[in-house]
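Data first, discussion second: the structure below is written as structure tokens.
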Amino acid sequence: KENLPEGKQTVLGLYVTAKEAYKKWKENTEKIKIIDVRTPEEFIFVGYPEMAWKIPVGTQSYVWDAENEKFPMCLLTDFVSRVKEIAKPTDTIMVTCRSGGRSTIAVNLLAKEGFTQVYNVIDGVEGDLVDDETSVFHGQRLKNGWKNSGCPWTYKLTPNKLILPQ
């Protein structure tokens with residue numbers, strides 16, 4: 001993908017949009033896995049791709065980072081081992097998060113452990129920010145992404161496809 005922000009670039013260089021990831025999955029549902037690496041709170045309150053494995057790469061910190069004006073995420077050290085419960089390093093995997101940042105981290109962690117066919121879903125589940133100051137949706141994640149591209153998603157949790165840290 002051209003002009004991809006640095007924060008969405010991976011060492012493998014494999015990228016898809018949410019719409020492309022869904023199309024690829026539909027063409028080969030037995031061979032392609034979609035992994036959502038967001039937090040359980042996001043699965044519950046925002047929804048997720050209905051066929052996705054839910055394997056968080058990080059957990060939400062509740063300590064305010066005043067310099068960056070946010071609550072930072074803390075990486076979970078057992079992420080790769082949890083992915084290995086459902087995937088081999090040669091499997092084709094589409095990794096999604098909110099908007100492409102945490103999925104970048106997840107792809108790079110998997111690549112470091114020998115996974116070779118891991119794609120970053122660059123617009124994630126919620127999509128990119130609307131950058132139009134005349135729009136009532138300015139600053140909201142309503143541009144592209146899984147939920148805004150017509151791809152199927154749900155709020156209904158499927159515990160059999162949820163792999164949380166020990």
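Just so we're on the same page: first chain in the structure tokens is A, next is B, and so on; residues restart at 1 for each chain, and ligands are numbered from 1 in the order they show up.
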
**OP:** For Asn120 (chain A), please output as a PyMOL selection string all residues within 9 Å (counting only C-alpha atoms; exclusion window: fewer than 2 positions along the same chain).
**Re:** chain A and resi 8-10+13-17+93-96+100+103-104+106-107+118+122-124

Subject >> Distance query Lys31 (chain A) at most 10 Å, only C-alpha atoms, self and fewer than 6 positions along chain excluded, as a PyMOL selection string >> reply: chain A and resi 24-25+87+91-93

Could you save the residues just selected, with all heavy atoms, as a PDB file, in the first residue's frame?
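And here is the file that came out, part21.pdb:
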```pdb
ATOM      1  N   LYS A  24     -10.682 -12.127   0.913  1.00  0.00           N
ATOM      2  CA  LYS A  24      -9.716 -13.235   0.917  1.00  0.00           C
ATOM      3  C   LYS A  24     -10.207 -14.377   1.811  1.00  0.00           C
ATOM      4  O   LYS A  24     -10.108 -15.541   1.461  1.00  0.00           O
ATOM      5  CB  LYS A  24      -8.333 -12.766   1.388  1.00  0.00           C
ATOM      6  CG  LYS A  24      -7.542 -11.988   0.351  1.00  0.00           C
ATOM      7  CD  LYS A  24      -6.193 -11.581   0.949  1.00  0.00           C
ATOM      8  CE  LYS A  24      -5.335 -10.838  -0.032  1.00  0.00           C
ATOM      9  NZ  LYS A  24      -4.756 -11.683  -1.065  1.00  0.00           N
ATOM     10  N   TRP A  25     -10.719 -14.036   2.989  1.00  0.00           N
ATOM     11  CA  TRP A  25     -11.218 -15.052   3.911  1.00  0.00           C
ATOM     12  C   TRP A  25     -12.377 -15.820   3.277  1.00  0.00           C
ATOM     13  O   TRP A  25     -12.427 -17.040   3.354  1.00  0.00           O
ATOM     14  CB  TRP A  25     -11.646 -14.406   5.236  1.00  0.00           C
ATOM     15  CG  TRP A  25     -12.248 -15.406   6.172  1.00  0.00           C
ATOM     16  CD1 TRP A  25     -11.579 -16.254   7.006  1.00  0.00           C
ATOM     17  CD2 TRP A  25     -13.637 -15.684   6.345  1.00  0.00           C
ATOM     18  NE1 TRP A  25     -12.477 -17.038   7.695  1.00  0.00           N
ATOM     19  CE2 TRP A  25     -13.744 -16.714   7.299  1.00  0.00           C
ATOM     20  CE3 TRP A  25     -14.805 -15.170   5.775  1.00  0.00           C
ATOM     21  CZ2 TRP A  25     -14.973 -17.227   7.707  1.00  0.00           C
ATOM     22  CZ3 TRP A  25     -16.028 -15.682   6.173  1.00  0.00           C
ATOM     23  CH2 TRP A  25     -16.096 -16.704   7.132  1.00  0.00           C
ATOM     24  N   ALA A  87      -2.721 -21.567  15.067  1.00  0.00           N
ATOM     25  CA  ALA A  87      -2.091 -21.304  13.768  1.00  0.00           C
ATOM     26  C   ALA A  87      -0.649 -21.790  13.739  1.00  0.00           C
ATOM     27  O   ALA A  87       0.040 -21.775  14.761  1.00  0.00           O
ATOM     28  CB  ALA A  87      -2.127 -19.811  13.453  1.00  0.00           C
ATOM     29  N   ASP A  91       0.716 -20.560   8.099  1.00  0.00           N
ATOM     30  CA  ASP A  91      -0.680 -20.210   7.830  1.00  0.00           C
ATOM     31  C   ASP A  91      -0.808 -18.765   7.359  1.00  0.00           C
ATOM     32  O   ASP A  91      -0.003 -17.907   7.718  1.00  0.00           O
ATOM     33  CB  ASP A  91      -1.535 -20.383   9.089  1.00  0.00           C
ATOM     34  CG  ASP A  91      -1.777 -21.841   9.450  1.00  0.00           C
ATOM     35  OD1 ASP A  91      -1.512 -22.727   8.621  1.00  0.00           O
ATOM     36  OD2 ASP A  91      -2.226 -22.093  10.586  1.00  0.00           O
ATOM     37  N   THR A  92      -1.855 -18.515   6.588  1.00  0.00           N
ATOM     38  CA  THR A  92      -2.176 -17.147   6.185  1.00  0.00           C
ATOM     39  C   THR A  92      -3.083 -16.557   7.251  1.00  0.00           C
ATOM     40  O   THR A  92      -4.148 -17.103   7.563  1.00  0.00           O
ATOM     41  CB  THR A  92      -2.867 -17.118   4.815  1.00  0.00           C
ATOM     42  OG1 THR A  92      -1.982 -17.681   3.849  1.00  0.00           O
ATOM     43  CG2 THR A  92      -3.224 -15.690   4.410  1.00  0.00           C
ATOM     44  N   ILE A  93      -2.650 -15.428   7.801  1.00  0.00           N
ATOM     45  CA  ILE A  93      -3.354 -14.780   8.903  1.00  0.00           C
ATOM     46  C   ILE A  93      -3.565 -13.309   8.562  1.00  0.00           C
ATOM     47  O   ILE A  93      -2.655 -12.641   8.081  1.00  0.00           O
ATOM     48  CB  ILE A  93      -2.532 -14.896  10.211  1.00  0.00           C
ATOM     49  CG1 ILE A  93      -2.274 -16.370  10.545  1.00  0.00           C
ATOM     50  CG2 ILE A  93      -3.236 -14.186  11.351  1.00  0.00           C
ATOM     51  CD1 ILE A  93      -1.286 -16.560  11.697  1.00  0.00           C
TER      52      ILE A  93
END
```

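If you look at CA of Ile105 (chain A) and CA of Ala21 (chain A), they are 17.9 Å away from each other.
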
Subject >> Those of chain A in DSSP strand (DSSP E), formatted as a count of residues only >> reply: 34

Subject >> Between CA of Thr77 (chain A) and CA of Ala111 (chain A) - distance in Å to one decimal >> reply: 15.0 Å

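The coordinates place CA of Asn108 (chain A) at 19.8 Å from CA of Gln60 (chain A).
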
**OP:** For Val80 (chain A), please output as JSON, numbers by chain all residues within 12 Å (counting only C-alpha atoms; exclusion window: fewer than 5 positions along the same chain).
**Re:** {"A": [35, 37, 55, 56, 57, 58, 75, 85, 86, 87, 88, 89, 105, 106, 107, 108, 109, 110, 111, 112, 113, 114, 115, 163, 164, 165]}

Could you write out that same residue set with N, CA, C and O atoms as a CSV table (one decimal), in the first residue's frame?
```
chain,number,residue,atom,x,y,z
A,35,ILE,N,-7.5,-12.7,12.9
A,35,ILE,CA,-7.2,-12.6,14.3
A,35,ILE,C,-7.4,-11.1,14.7
A,35,ILE,O,-6.8,-10.2,14.1
A,37,VAL,N,-6.8,-8.5,17.6
A,37,VAL,CA,-5.9,-8.4,18.7
A,37,VAL,C,-6.3,-7.3,19.7
A,37,VAL,O,-5.5,-7.0,20.6
A,55,ILE,N,-7.7,-12.7,20.1
A,55,ILE,CA,-6.5,-13.0,20.8
A,55,ILE,C,-5.8,-11.6,21.1
A,55,ILE,O,-5.0,-11.1,20.3
A,56,PRO,N,-6.0,-11.0,22.3
A,56,PRO,CA,-5.4,-9.7,22.6
A,56,PRO,C,-3.9,-9.7,22.6
A,56,PRO,O,-3.3,-10.7,23.1
A,57,VAL,N,-3.3,-8.7,22.0
A,57,VAL,CA,-1.9,-8.5,22.0
A,57,VAL,C,-1.5,-7.7,23.2
A,57,VAL,O,-0.3,-7.7,23.6
A,58,GLY,N,-2.4,-6.9,23.8
A,58,GLY,CA,-2.1,-6.0,24.9
A,58,GLY,C,-3.3,-5.9,25.8
A,58,GLY,O,-4.4,-6.4,25.5
A,75,LEU,N,1.9,-4.6,26.5
A,75,LEU,CA,1.9,-5.8,25.7
A,75,LEU,C,1.8,-7.0,26.6
A,75,LEU,O,2.3,-7.0,27.7
A,85,GLU,N,-1.6,-21.7,19.4
A,85,GLU,CA,-2.7,-22.6,19.7
A,85,GLU,C,-3.6,-22.9,18.5
A,85,GLU,O,-4.2,-23.9,18.5
A,86,ILE,N,-3.7,-21.9,17.6
A,86,ILE,CA,-4.7,-22.1,16.5
A,86,ILE,C,-4.0,-21.9,15.1
A,86,ILE,O,-4.7,-22.1,14.1
A,87,ALA,N,-2.7,-21.6,15.1
A,87,ALA,CA,-2.1,-21.3,13.8
A,87,ALA,C,-0.6,-21.8,13.7
A,87,ALA,O,0.0,-21.8,14.8
A,88,LYS,N,-0.2,-22.2,12.5
A,88,LYS,CA,1.2,-22.6,12.3
A,88,LYS,C,1.9,-21.4,11.6
A,88,LYS,O,1.2,-20.6,11.0
A,89,PRO,N,3.2,-21.3,11.7
A,89,PRO,CA,3.9,-20.2,11.1
A,89,PRO,C,3.7,-20.1,9.6
A,89,PRO,O,4.0,-19.0,9.1
A,105,ILE,N,2.1,-4.2,15.5
A,105,ILE,CA,2.9,-4.8,16.6
A,105,ILE,C,2.7,-6.3,16.6
A,105,ILE,O,3.7,-7.0,16.7
A,106,ALA,N,1.5,-6.8,16.5
A,106,ALA,CA,1.2,-8.2,16.5
A,106,ALA,C,1.9,-8.9,15.3
A,106,ALA,O,2.5,-10.0,15.5
A,107,VAL,N,1.7,-8.3,14.1
A,107,VAL,CA,2.4,-8.9,12.9
A,107,VAL,C,3.9,-9.0,13.1
A,107,VAL,O,4.5,-10.1,12.9
A,108,ASN,N,4.5,-8.0,13.6
A,108,ASN,CA,5.9,-8.0,13.9
A,108,ASN,C,6.4,-9.0,14.9
A,108,ASN,O,7.4,-9.7,14.8
A,109,LEU,N,5.6,-9.2,16.0
A,109,LEU,CA,5.9,-10.2,17.0
A,109,LEU,C,5.8,-11.6,16.4
A,109,LEU,O,6.6,-12.4,16.6
A,110,LEU,N,4.8,-11.8,15.5
A,110,LEU,CA,4.6,-13.1,14.9
A,110,LEU,C,5.7,-13.4,13.9
A,110,LEU,O,6.3,-14.5,13.8
A,111,ALA,N,6.1,-12.4,13.1
A,111,ALA,CA,7.2,-12.5,12.1
A,111,ALA,C,8.5,-12.9,12.9
A,111,ALA,O,9.3,-13.7,12.4
A,112,LYS,N,8.7,-12.2,14.0
A,112,LYS,CA,10.0,-12.5,14.8
A,112,LYS,C,10.0,-14.0,15.2
A,112,LYS,O,11.1,-14.5,15.4
A,113,GLU,N,8.9,-14.6,15.3
A,113,GLU,CA,8.8,-16.0,15.7
A,113,GLU,C,8.6,-17.0,14.5
A,113,GLU,O,8.2,-18.1,14.7
A,114,GLY,N,8.9,-16.5,13.3
A,114,GLY,CA,8.9,-17.3,12.1
A,114,GLY,C,7.6,-17.4,11.3
A,114,GLY,O,7.5,-18.1,10.3
A,115,PHE,N,6.6,-16.6,11.7
A,115,PHE,CA,5.4,-16.6,10.9
A,115,PHE,C,5.7,-15.8,9.6
A,115,PHE,O,6.3,-14.7,9.7
A,163,ILE,N,-9.1,-16.4,23.0
A,163,ILE,CA,-7.9,-17.0,23.7
A,163,ILE,C,-7.2,-15.9,24.5
A,163,ILE,O,-6.5,-15.1,24.0
A,164,LEU,N,-7.5,-15.9,25.8
A,164,LEU,CA,-7.0,-14.8,26.7
A,164,LEU,C,-5.7,-15.3,27.4
A,164,LEU,O,-5.4,-16.5,27.4
A,165,PRO,N,-4.9,-14.4,27.9
A,165,PRO,CA,-3.7,-14.7,28.7
A,165,PRO,C,-4.1,-15.6,29.9
A,165,PRO,O,-5.2,-15.5,30.4
```

Original post:
Which residues, written as an MDAnalysis selection string, have at least one atom at most 12 Å from Asp132 (chain A), with only C-alpha atoms counted and residues fewer than 4 positions away on the same chain left out?
Top reply: chainID A and resid 136:143

Output of the above residues as a short mmCIF file (atom, residue, chain, number, x, y, z; two decimals), in the first residue's frame, restricted to N, CA, C and O atoms:
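Below you can see again-v1.cif, which holds the result:
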```
data_model
loop_
_atom_site.label_atom_id
_atom_site.label_comp_id
_atom_site.auth_asym_id
_atom_site.auth_seq_id
_atom_site.Cartn_x
_atom_site.Cartn_y
_atom_site.Cartn_z
N VAL A 136 -19.69 16.75 10.95
CA VAL A 136 -20.04 16.48 12.35
C VAL A 136 -19.31 15.23 12.85
O VAL A 136 -19.27 14.98 14.05
N PHE A 137 -18.74 14.45 11.94
CA PHE A 137 -18.02 13.23 12.30
C PHE A 137 -16.50 13.44 12.37
O PHE A 137 -15.74 12.49 12.52
N HIS A 138 -16.05 14.72 12.26
CA HIS A 138 -14.62 15.02 12.32
C HIS A 138 -14.01 14.41 13.58
O HIS A 138 -14.52 14.57 14.68
N GLY A 139 -12.89 13.68 13.40
CA GLY A 139 -12.19 13.08 14.53
C GLY A 139 -12.74 11.74 14.99
O GLY A 139 -12.22 11.15 15.92
N GLN A 140 -13.79 11.27 14.34
CA GLN A 140 -14.37 9.97 14.70
C GLN A 140 -13.89 8.89 13.72
O GLN A 140 -13.61 9.17 12.56
N ARG A 141 -13.81 7.66 14.18
CA ARG A 141 -13.34 6.55 13.36
C ARG A 141 -14.50 5.99 12.53
O ARG A 141 -15.06 4.96 12.85
N LEU A 142 -14.83 6.70 11.48
CA LEU A 142 -15.96 6.31 10.64
C LEU A 142 -15.56 6.22 9.17
O LEU A 142 -16.42 6.16 8.30
N LYS A 143 -14.25 6.23 8.91
CA LYS A 143 -13.76 6.17 7.53
C LYS A 143 -13.13 4.80 7.35
O LYS A 143 -12.20 4.45 8.06
#
```

Original post:
If you count only C-alpha atoms, which residues fall within 10 Å of Gly150 (chain A), apart from same-chain ones fewer than 3 positions away, as a ChimeraX atom specification?
Top reply: /A:18-19,22,144-147,153

Original post:
Hey, which of A:Arg38, A:Lys161, A:Arg82, A:Lys54 ends up closest to Glu126 (chain A)? Count only C-alpha atoms.
Top reply: A:Arg38

**OP:** Rank A:Gln166, A:Ser149, A:Asn3, A:Thr158 by their smallest atom-to-atom distance to Glu20 (chain A), using only C-alpha atoms, and report the top residue only.
**Re:** A:Ser149
